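As stored in data.csv (CSV, N, CA and C atoms and all ligand atoms):
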chain,number,residue,atom,x,y,z
A,1,MET,N,23.1,-25.1,-39.3
A,1,MET,CA,24.4,-25.4,-39.8
A,1,MET,C,24.9,-24.4,-40.8
A,2,LYS,N,26.1,-24.0,-40.7
A,2,LYS,CA,26.7,-23.0,-41.6
A,2,LYS,C,26.6,-23.4,-43.0
A,3,ASP,N,26.3,-22.5,-43.9
A,3,ASP,CA,26.2,-22.8,-45.3
A,3,ASP,C,25.0,-23.7,-45.7
A,4,CYS,N,24.1,-23.9,-44.9
A,4,CYS,CA,22.9,-24.7,-45.2
A,4,CYS,C,21.8,-23.7,-45.5
A,5,ILE,N,21.2,-23.7,-46.7
A,5,ILE,CA,20.2,-22.8,-47.1
A,5,ILE,C,19.0,-22.9,-46.3
A,6,PHE,N,18.6,-24.1,-45.9
A,6,PHE,CA,17.3,-24.2,-45.1
A,6,PHE,C,17.6,-23.8,-43.6
A,7,CYS,N,18.8,-24.0,-43.1
A,7,CYS,CA,19.1,-23.4,-41.8
A,7,CYS,C,19.0,-21.9,-41.8
A,8,LYS,N,19.5,-21.3,-42.9
A,8,LYS,CA,19.4,-19.9,-43.1
A,8,LYS,C,17.9,-19.4,-43.1
A,9,ILE,N,17.1,-20.1,-43.8
A,9,ILE,CA,15.7,-19.8,-43.9
A,9,ILE,C,15.1,-19.9,-42.5
A,10,ILE,N,15.4,-21.0,-41.8
A,10,ILE,CA,14.9,-21.2,-40.4
A,10,ILE,C,15.3,-20.0,-39.5
A,11,ALA,N,16.6,-19.6,-39.7
A,11,ALA,CA,17.1,-18.5,-38.8
A,11,ALA,C,16.6,-17.1,-39.3
A,12,GLY,N,15.9,-17.1,-40.4
A,12,GLY,CA,15.3,-15.8,-40.9
A,12,GLY,C,16.4,-15.0,-41.6
A,13,GLU,N,17.5,-15.6,-42.0
A,13,GLU,CA,18.6,-14.9,-42.7
A,13,GLU,C,18.2,-14.8,-44.2
A,14,ILE,N,17.4,-15.7,-44.7
A,14,ILE,CA,16.9,-15.7,-46.1
A,14,ILE,C,15.4,-15.7,-46.0
A,15,PRO,N,14.8,-14.8,-46.8
A,15,PRO,CA,13.3,-14.8,-46.7
A,15,PRO,C,12.7,-16.0,-47.3
A,16,SER,N,11.5,-16.3,-46.9
A,16,SER,CA,10.7,-17.4,-47.5
A,16,SER,C,9.2,-17.1,-47.3
A,17,ALA,N,8.4,-17.7,-48.2
A,17,ALA,CA,7.0,-17.6,-48.1
A,17,ALA,C,6.4,-18.7,-47.1
A,18,LYS,N,6.4,-18.4,-45.9
A,18,LYS,CA,6.1,-19.3,-44.8
A,18,LYS,C,4.6,-19.5,-44.7
A,19,VAL,N,4.1,-20.8,-44.6
A,19,VAL,CA,2.7,-21.1,-44.4
A,19,VAL,C,2.5,-21.6,-43.0
A,20,TYR,N,3.5,-22.1,-42.3
A,20,TYR,CA,3.4,-22.7,-41.0
A,20,TYR,C,4.8,-22.7,-40.3
A,21,GLU,N,4.8,-22.4,-39.0
A,21,GLU,CA,6.0,-22.6,-38.2
A,21,GLU,C,5.6,-22.9,-36.8
A,22,ASP,N,6.4,-23.8,-36.2
A,22,ASP,CA,6.3,-24.0,-34.7
A,22,ASP,C,7.8,-24.2,-34.2
A,23,GLU,N,7.9,-24.6,-33.0
A,23,GLU,CA,9.3,-24.7,-32.4
A,23,GLU,C,10.1,-25.8,-33.0
A,24,GLU,N,9.5,-26.7,-33.8
A,24,GLU,CA,10.4,-27.8,-34.3
A,24,GLU,C,10.3,-28.0,-35.8
A,25,MET,N,9.5,-27.2,-36.5
A,25,MET,CA,9.4,-27.4,-38.0
A,25,MET,C,9.0,-26.1,-38.6
A,26,ILE,N,9.2,-26.0,-40.0
A,26,ILE,CA,8.8,-24.8,-40.7
A,26,ILE,C,8.2,-25.4,-42.1
A,27,VAL,N,7.2,-24.7,-42.6
A,27,VAL,CA,6.7,-25.1,-43.9
A,27,VAL,C,6.6,-23.8,-44.7
A,28,PHE,N,7.2,-23.9,-45.9
A,28,PHE,CA,7.2,-22.7,-46.8
A,28,PHE,C,7.1,-23.1,-48.2
A,29,LYS,N,6.8,-22.1,-49.1
A,29,LYS,CA,6.7,-22.4,-50.5
A,29,LYS,C,8.0,-22.7,-51.2
A,30,ASP,N,8.1,-23.7,-52.1
A,30,ASP,CA,9.3,-23.9,-52.8
A,30,ASP,C,9.5,-22.8,-53.8
A,31,ILE,N,10.7,-22.3,-53.9
A,31,ILE,CA,11.1,-21.2,-54.8
A,31,ILE,C,10.9,-21.5,-56.3
A,32,GLU,N,11.0,-22.8,-56.6
A,32,GLU,CA,10.8,-23.2,-58.0
A,32,GLU,C,9.8,-24.3,-58.0
A,33,PRO,N,8.5,-23.9,-57.9
A,33,PRO,CA,7.4,-24.9,-57.8
A,33,PRO,C,7.3,-25.9,-58.9
A,34,LYS,N,7.2,-27.2,-58.6
A,34,LYS,CA,7.0,-28.2,-59.6
A,34,LYS,C,5.6,-28.7,-59.7
A,35,ALA,N,4.7,-27.9,-59.1
A,35,ALA,CA,3.2,-28.2,-59.1
A,35,ALA,C,2.6,-26.8,-58.8
A,36,LYS,N,1.3,-26.8,-59.0
A,36,LYS,CA,0.6,-25.5,-58.7
A,36,LYS,C,0.8,-25.1,-57.2
A,37,ILE,N,0.7,-26.1,-56.3
A,37,ILE,CA,1.1,-25.9,-54.9
A,37,ILE,C,2.3,-26.8,-54.6
A,38,HIS,N,3.4,-26.2,-54.2
A,38,HIS,CA,4.6,-26.9,-53.8
A,38,HIS,C,5.2,-26.3,-52.6
A,39,LEU,N,5.0,-27.1,-51.5
A,39,LEU,CA,5.5,-26.7,-50.2
A,39,LEU,C,6.6,-27.6,-49.7
A,40,LEU,N,7.5,-27.0,-48.8
A,40,LEU,CA,8.5,-27.8,-48.3
A,40,LEU,C,8.4,-27.8,-46.7
A,41,CYS,N,8.3,-29.0,-46.2
A,41,CYS,CA,8.1,-29.1,-44.7
A,41,CYS,C,9.5,-29.5,-44.2
A,42,VAL,N,10.1,-28.7,-43.3
A,42,VAL,CA,11.5,-28.8,-42.9
A,42,VAL,C,11.6,-28.9,-41.4
A,43,PRO,N,12.3,-29.9,-40.9
A,43,PRO,CA,12.6,-29.9,-39.4
A,43,PRO,C,13.6,-28.8,-39.1
A,44,LYS,N,13.5,-28.2,-37.9
A,44,LYS,CA,14.5,-27.2,-37.5
A,44,LYS,C,15.9,-27.9,-37.1
A,45,ASP,N,15.8,-29.2,-36.8
A,45,ASP,CA,17.0,-30.0,-36.5
A,45,ASP,C,17.7,-30.3,-37.9
A,46,HIS,N,18.9,-29.9,-38.0
A,46,HIS,CA,19.6,-30.1,-39.3
A,46,HIS,C,20.2,-31.6,-39.4
A,47,PHE,N,19.6,-32.4,-40.3
A,47,PHE,CA,20.2,-33.6,-40.7
A,47,PHE,C,19.7,-33.9,-42.1
A,48,ALA,N,20.5,-34.7,-42.9
A,48,ALA,CA,20.2,-34.8,-44.3
A,48,ALA,C,19.4,-36.0,-44.7
A,49,LEU,N,19.6,-37.1,-44.0
A,49,LEU,CA,19.1,-38.4,-44.5
A,49,LEU,C,18.3,-39.1,-43.5
A,50,LEU,N,17.3,-39.9,-43.9
A,50,LEU,CA,16.5,-40.7,-43.0
A,50,LEU,C,17.4,-41.7,-42.3
A,51,THR,N,18.5,-42.1,-42.8
A,51,THR,CA,19.5,-43.0,-42.1
A,51,THR,C,20.1,-42.3,-40.9
A,52,GLU,N,20.0,-41.0,-40.8
A,52,GLU,CA,20.5,-40.3,-39.6
A,52,GLU,C,19.5,-40.1,-38.5
A,53,MET,N,18.3,-40.8,-38.7
A,53,MET,CA,17.2,-40.6,-37.7
A,53,MET,C,17.5,-41.5,-36.5
A,54,ASP,N,17.5,-40.9,-35.3
A,54,ASP,CA,17.4,-41.7,-34.1
A,54,ASP,C,15.9,-41.7,-33.7
A,55,GLU,N,15.6,-42.2,-32.5
A,55,GLU,CA,14.2,-42.3,-32.1
A,55,GLU,C,13.6,-40.9,-32.0
A,56,LYS,N,14.4,-39.9,-31.5
A,56,LYS,CA,13.9,-38.6,-31.4
A,56,LYS,C,13.5,-37.9,-32.7
A,57,ARG,N,14.4,-38.1,-33.7
A,57,ARG,CA,14.2,-37.6,-35.0
A,57,ARG,C,13.0,-38.3,-35.7
A,58,ALA,N,12.9,-39.6,-35.5
A,58,ALA,CA,11.9,-40.4,-36.1
A,58,ALA,C,10.5,-39.8,-35.6
A,59,ALA,N,10.5,-39.5,-34.3
A,59,ALA,CA,9.2,-39.0,-33.7
A,59,ALA,C,8.9,-37.6,-34.3
A,60,LEU,N,10.0,-36.8,-34.5
A,60,LEU,CA,9.8,-35.5,-35.2
A,60,LEU,C,9.3,-35.6,-36.6
A,61,VAL,N,9.8,-36.5,-37.4
A,61,VAL,CA,9.3,-36.7,-38.7
A,61,VAL,C,7.9,-37.2,-38.7
A,62,ALA,N,7.5,-38.0,-37.7
A,62,ALA,CA,6.1,-38.5,-37.6
A,62,ALA,C,5.2,-37.3,-37.3
A,63,ARG,N,5.7,-36.4,-36.4
A,63,ARG,CA,4.9,-35.1,-36.1
A,63,ARG,C,4.8,-34.2,-37.4
A,64,MET,N,5.8,-34.2,-38.2
A,64,MET,CA,5.7,-33.4,-39.5
A,64,MET,C,4.6,-34.0,-40.4
A,65,LEU,N,4.6,-35.4,-40.5
A,65,LEU,CA,3.6,-36.0,-41.3
A,65,LEU,C,2.2,-35.7,-40.7
A,66,ARG,N,2.1,-35.8,-39.4
A,66,ARG,CA,0.8,-35.5,-38.7
A,66,ARG,C,0.4,-34.0,-39.0
A,67,LYS,N,1.3,-33.1,-39.0
A,67,LYS,CA,1.0,-31.7,-39.2
A,67,LYS,C,0.5,-31.5,-40.7
A,68,ILE,N,1.2,-32.2,-41.6
A,68,ILE,CA,0.8,-32.1,-43.0
A,68,ILE,C,-0.7,-32.6,-43.1
A,69,ALA,N,-1.0,-33.7,-42.5
A,69,ALA,CA,-2.3,-34.3,-42.5
A,69,ALA,C,-3.3,-33.3,-41.9
A,70,ASP,N,-2.9,-32.6,-40.8
A,70,ASP,CA,-3.9,-31.7,-40.1
A,70,ASP,C,-4.1,-30.4,-41.0
A,71,LYS,N,-3.1,-30.0,-41.7
A,71,LYS,CA,-3.2,-28.7,-42.3
A,71,LYS,C,-3.4,-28.7,-43.8
A,72,HIS,N,-3.5,-29.9,-44.4
A,72,HIS,CA,-3.4,-29.9,-45.9
A,72,HIS,C,-4.6,-29.1,-46.5
A,73,ALA,N,-5.8,-29.2,-46.0
A,73,ALA,CA,-6.9,-28.5,-46.6
A,73,ALA,C,-6.7,-27.0,-46.5
A,74,GLU,N,-6.2,-26.6,-45.4
A,74,GLU,CA,-5.9,-25.1,-45.2
A,74,GLU,C,-4.9,-24.6,-46.2
A,75,TRP,N,-4.1,-25.5,-46.7
A,75,TRP,CA,-3.0,-25.2,-47.6
A,75,TRP,C,-3.5,-25.3,-49.1
A,76,GLY,N,-4.8,-25.7,-49.3
A,76,GLY,CA,-5.4,-25.8,-50.6
A,76,GLY,C,-5.2,-27.2,-51.2
A,77,LEU,N,-5.0,-28.2,-50.4
A,77,LEU,CA,-4.7,-29.5,-50.9
A,77,LEU,C,-5.8,-30.5,-50.5
A,78,ALA,N,-7.1,-30.0,-50.4
A,78,ALA,CA,-8.2,-30.9,-50.0
A,78,ALA,C,-8.4,-32.0,-51.0
A,79,ASP,N,-8.1,-31.8,-52.3
A,79,ASP,CA,-8.4,-32.7,-53.3
A,79,ASP,C,-7.3,-33.8,-53.5
A,80,GLY,N,-6.3,-33.7,-52.6
A,80,GLY,CA,-5.2,-34.7,-52.7
A,80,GLY,C,-3.8,-34.0,-52.8
A,81,TYR,N,-2.8,-34.8,-52.5
A,81,TYR,CA,-1.5,-34.2,-52.5
A,81,TYR,C,-0.5,-35.4,-52.6
A,82,ARG,N,0.8,-35.1,-52.9
A,82,ARG,CA,1.8,-36.1,-53.0
A,82,ARG,C,3.0,-35.6,-52.1
A,83,LEU,N,3.6,-36.6,-51.3
A,83,LEU,CA,4.8,-36.3,-50.5
A,83,LEU,C,6.0,-36.9,-51.2
A,84,VAL,N,7.1,-36.2,-51.2
A,84,VAL,CA,8.3,-36.7,-51.8
A,84,VAL,C,9.4,-36.4,-50.9
A,85,VAL,N,10.3,-37.3,-50.6
A,85,VAL,CA,11.5,-37.1,-49.8
A,85,VAL,C,12.7,-37.6,-50.6
A,86,ASN,N,13.4,-36.7,-51.3
A,86,ASN,CA,14.6,-37.1,-52.0
A,86,ASN,C,15.8,-37.4,-51.1
A,87,GLN,N,16.4,-38.5,-51.4
A,87,GLN,CA,17.5,-39.0,-50.6
A,87,GLN,C,18.7,-39.3,-51.4
A,88,GLY,N,19.7,-38.4,-51.4
A,88,GLY,CA,21.0,-38.7,-52.0
A,88,GLY,C,21.0,-38.4,-53.5
A,89,GLU,N,22.1,-38.7,-54.1
A,89,GLU,CA,22.5,-38.2,-55.4
A,89,GLU,C,21.5,-38.7,-56.5
A,90,ASN,N,21.2,-40.0,-56.5
A,90,ASN,CA,20.4,-40.6,-57.6
A,90,ASN,C,19.0,-40.0,-57.6
A,91,ALA,N,18.5,-39.6,-56.4
A,91,ALA,CA,17.2,-39.0,-56.3
A,91,ALA,C,17.2,-37.5,-56.6
A,92,GLY,N,18.4,-36.9,-56.8
A,92,GLY,CA,18.6,-35.5,-57.1
A,92,GLY,C,18.4,-34.6,-55.9
A,93,GLN,N,18.8,-35.1,-54.7
A,93,GLN,CA,18.7,-34.3,-53.6
A,93,GLN,C,19.7,-33.1,-53.7
A,94,THR,N,19.3,-31.9,-53.6
A,94,THR,CA,20.2,-30.8,-53.8
A,94,THR,C,20.4,-30.0,-52.5
A,95,VAL,N,19.5,-30.1,-51.6
A,95,VAL,CA,19.6,-29.4,-50.3
A,95,VAL,C,19.8,-30.5,-49.2
A,96,HIS,N,20.9,-30.6,-48.6
A,96,HIS,CA,21.2,-31.7,-47.7
A,96,HIS,C,20.8,-31.4,-46.2
A,97,HIS,N,19.5,-31.0,-46.2
A,97,HIS,CA,18.8,-30.8,-44.9
A,97,HIS,C,17.4,-31.4,-45.2
A,98,LEU,N,17.1,-32.4,-44.4
A,98,LEU,CA,15.9,-33.2,-44.7
A,98,LEU,C,14.7,-32.3,-45.0
A,99,HIS,N,13.9,-32.7,-46.0
A,99,HIS,CA,12.7,-31.9,-46.2
A,99,HIS,C,11.7,-32.8,-46.9
A,100,ILE,N,10.4,-32.6,-46.6
A,100,ILE,CA,9.3,-33.3,-47.3
A,100,ILE,C,8.7,-32.3,-48.3
A,101,HIS,N,8.7,-32.7,-49.6
A,101,HIS,CA,8.0,-31.9,-50.6
A,101,HIS,C,6.5,-32.3,-50.5
A,102,VAL,N,5.7,-31.2,-50.5
A,102,VAL,CA,4.2,-31.4,-50.5
A,102,VAL,C,3.7,-30.8,-51.8
A,103,LEU,N,3.2,-31.7,-52.7
A,103,LEU,CA,2.8,-31.2,-54.0
A,103,LEU,C,1.3,-31.5,-54.3
A,104,GLY,N,0.7,-30.5,-54.9
A,104,GLY,CA,-0.7,-30.7,-55.2
A,104,GLY,C,-1.3,-29.4,-55.9
A,105,GLY,N,-2.6,-29.3,-55.8
A,105,GLY,CA,-3.3,-28.2,-56.4
A,105,GLY,C,-3.7,-28.5,-57.9
A,106,GLN,N,-3.4,-29.7,-58.3
A,106,GLN,CA,-3.7,-30.1,-59.7
A,106,GLN,C,-3.6,-31.6,-59.7
A,107,THR,N,-4.0,-32.2,-60.8
A,107,THR,CA,-3.7,-33.7,-61.0
A,107,THR,C,-2.2,-33.8,-61.3
A,108,LEU,N,-1.6,-34.7,-60.6
A,108,LEU,CA,-0.1,-34.8,-60.7
A,108,LEU,C,0.3,-35.9,-61.6
A,109,PRO,N,1.2,-35.6,-62.6
A,109,PRO,CA,1.7,-36.6,-63.5
A,109,PRO,C,2.5,-37.7,-62.7
A,110,TRP,N,2.5,-38.9,-63.2
A,110,TRP,CA,3.3,-40.0,-62.5
A,110,TRP,C,4.2,-40.6,-63.6
A,111,ASP,N,5.2,-39.8,-64.0
A,111,ASP,CA,6.2,-40.4,-64.9
A,111,ASP,C,7.4,-39.4,-65.0
A,201,LIG,P1,15.7,-31.5,-53.2
A,201,LIG,O1,16.0,-31.5,-54.7
A,201,LIG,O2,16.9,-31.3,-52.4
A,201,LIG,O3,14.8,-32.6,-52.8
A,201,LIG,O4,14.8,-30.2,-53.1
A,201,LIG,C1,15.3,-28.9,-52.8
A,201,LIG,C2,14.2,-27.9,-53.1
A,201,LIG,O5,14.5,-26.7,-52.4
A,201,LIG,C3,14.0,-27.6,-54.6
A,201,LIG,O6,12.7,-27.9,-55.0
A,201,LIG,C4,14.3,-26.1,-54.7
A,201,LIG,O7,13.5,-25.5,-55.6
A,201,LIG,C5,14.1,-25.6,-53.2
A,201,LIG,N1,14.9,-24.5,-52.9
A,201,LIG,C6,16.2,-24.3,-53.0
A,201,LIG,N2,16.6,-23.2,-52.5
A,201,LIG,C7,15.5,-22.6,-52.0
A,201,LIG,C8,15.3,-21.3,-51.4
A,201,LIG,O8,16.2,-20.5,-51.2
A,201,LIG,N3,14.0,-21.0,-51.0
A,201,LIG,C9,13.0,-21.8,-51.3
A,201,LIG,N4,11.8,-21.5,-50.9
A,201,LIG,N5,13.2,-23.0,-51.9
A,201,LIG,C10,14.4,-23.4,-52.2
A,202,ZN,ZN,20.3,-27.1,-42.4

Now that the file is in, can you turn its structure into structure tokens?
Amino acid sequence: MKDCIFCKIIAGEIPSAKVYEDEEMIVFKDIEPKAKIHLLCVPKDHFALLTEMDEKRAALVARMLRKIADKHAEWGLADGYRLVVNQGENAGQTVHHLHIHVLGGQTLPWD
């Protein structure tokens, strides 16, 4: 989608530190990491909110979770990690293209 920063990263128009890519998702390092390891898992299909998921998108999000589970140790997250999906204004969602934050590499604060 035009003017979407993650669509531009997917299209290769903006560089990113990619750790994984296939035909339906991309995983890259967050530009402003909030933990020692901070990755963003992003579907190539542009949609912003979980409420926009039909069955096809729900299956895609499930495959994203499966991929994170399969790859987490390779990404340095064998000791544990946290997934965050910000939804809407109160959550502070700034990029309106669905993404799963993958945080770890340290003990994570919970407050
Ligand atoms: P949100 O607040 O929408 O859940 O998270 C958006 C995330 O995208 C933020 O953590 C922010 O640092 C990250 N981000 C925004 N622009 C870019 C960019 O151009 N490149 C990368 N790698 N991350 C970005
Ligand atoms: Zn997009």

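The gap separating atom CA of Gly92 of chain A from atom O1 of ligand LIG 201 (chain A) is 5.3 Å, in Å to one decimal.
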
For chain A against ligand ZN 202 (chain A), with a cut-off of 7 Å and counting only C-alpha atoms and all ligand atoms, what is the closest atom pair and its distance in Å to one decimal for every residue that makes the cut, ordered by chain and number, as a Markdown table?
| residue | atom | partner | partner_atom | distance |
| --- | --- | --- | --- | --- |
| A:Met1 | CA | A:ZN202 | ZN | 5.1 |
| A:Cys4 | CA | A:ZN202 | ZN | 4.5 |
| A:Ile5 | CA | A:ZN202 | ZN | 6.4 |
| A:Phe6 | CA | A:ZN202 | ZN | 5.0 |
| A:Cys7 | CA | A:ZN202 | ZN | 3.9 |
| A:His46 | CA | A:ZN202 | ZN | 4.4 |
| A:Phe47 | CA | A:ZN202 | ZN | 6.7 |
| A:His97 | CA | A:ZN202 | ZN | 4.7 |

**OP:** Check every protein, DNA and RNA residue against ligand LIG 201 (chain A), keep those with an atom at most 5 Å away (counting only N, CA and C atoms and all ligand atoms), and present them as a PyMOL selection string.
**Re:** chain A and resi 29-32+86+92-95

**OP:** Can you work out the spacing between atom N of Leu49 of chain A and atom C of Leu98 of chain A in Å, to one decimal?
**Re:**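 Separation of atom N of Leu49 of chain A and atom C of Leu98 of chain A: 6.9 Å.
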
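In this comparison, which uses all atoms listed in the file, the residue of A:Ile26, A:Leu50, A:Cys41, A:Ala35 approaching Ile100 of chain A most closely is A:Cys41.
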
Original post:
So how many Å separate atom C of Ile9 of chain A and atom CA of Phe28 of chain A, to one decimal?
Top reply: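 Going from atom C of Ile9 of chain A over to atom CA of Phe28 of chain A covers 9.4 Å.
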
Subject >> Option closest in space to Ala48 of chain A, from A:Gly104, A:Gly88, A:Pro109, A:Gly80 [counting all atoms listed in the file] >> reply: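 Selected residue with least distance to Ala48 of chain A: A:Gly88.
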
Original post:
Which residues come within 7 Å of Leu103 of chain A, counting only C-alpha atoms, excluding same-chain residues fewer than 5 positions away, as a ChimeraX atom specification?
Top reply: /A:35,37-39,81-83

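Every residue of segment 1-109 of chain A found in strand (DSSP E) when DSSP is run on the backbone appears here: A:Lys18, A:Val19, A:Tyr20, A:Glu21, A:Met25, A:Ile26, A:Val27, A:Phe28, A:Lys29, A:Ile37, A:His38, A:Leu39, A:Leu40, A:Cys41, A:Val42, A:Pro43, A:Tyr81, A:Arg82, A:Leu83, A:Val84, A:Ile100, A:His101, A:Val102, A:Leu103, A:Gly104.
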
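For segment 55-106 of chain A, the set of residues given alpha helix (DSSP H) by DSSP on the backbone reads Glu55, Lys56, Arg57, Ala58, Ala59, Leu60, Val61, Ala62, Arg63, Met64, Leu65, Arg66, Lys67, Ile68, Ala69, Asp70 and Lys71 of chain A.
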
Could you produce a table of the residues of segment 34-96 of chain A lying within 8 Å of segment 13-23 of chain A, with the nearest pair of atoms per residue and their separation in Å rounded to one decimal, using all atoms listed in the file, ordered by chain and increasing residue number, as JSON lines?
{"residue": "A:Pro43", "atom": "C", "partner": "A:Glu23", "partner_atom": "C", "distance": 7.6}
{"residue": "A:Lys44", "atom": "N", "partner": "A:Glu23", "partner_atom": "C", "distance": 6.4}
{"residue": "A:Asp45", "atom": "N", "partner": "A:Glu23", "partner_atom": "C", "distance": 7.6}
{"residue": "A:Trp75", "atom": "CA", "partner": "A:Val19", "partner_atom": "CA", "distance": 7.7}

Original post:
Of the candidates A:Leu77, A:Ile10, A:Val84, A:Ala58, which shows the shortest atom-to-atom distance to Thr107 of chain A, using only C-alpha atoms?
Top reply: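 Closest residue, counting only C-alpha atoms: A:Leu77.
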
Subject >> Proximity to Gln87 of chain A - best of A:Ala59, A:Met64, A:Val102, A:Glu52, only C-alpha atoms >> reply: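 Comparing A:Ala59, A:Met64, A:Val102, A:Glu52 against Gln87 of chain A, the winner is A:Glu52.
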
Original post:
Hey, which of A:His96, A:Val42, A:Met53, A:Leu108 ends up closest to Glu24 of chain A? Count all atoms listed in the file.
Top reply: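 The shortest atom-to-atom distance to Glu24 of chain A comes from A:Val42.
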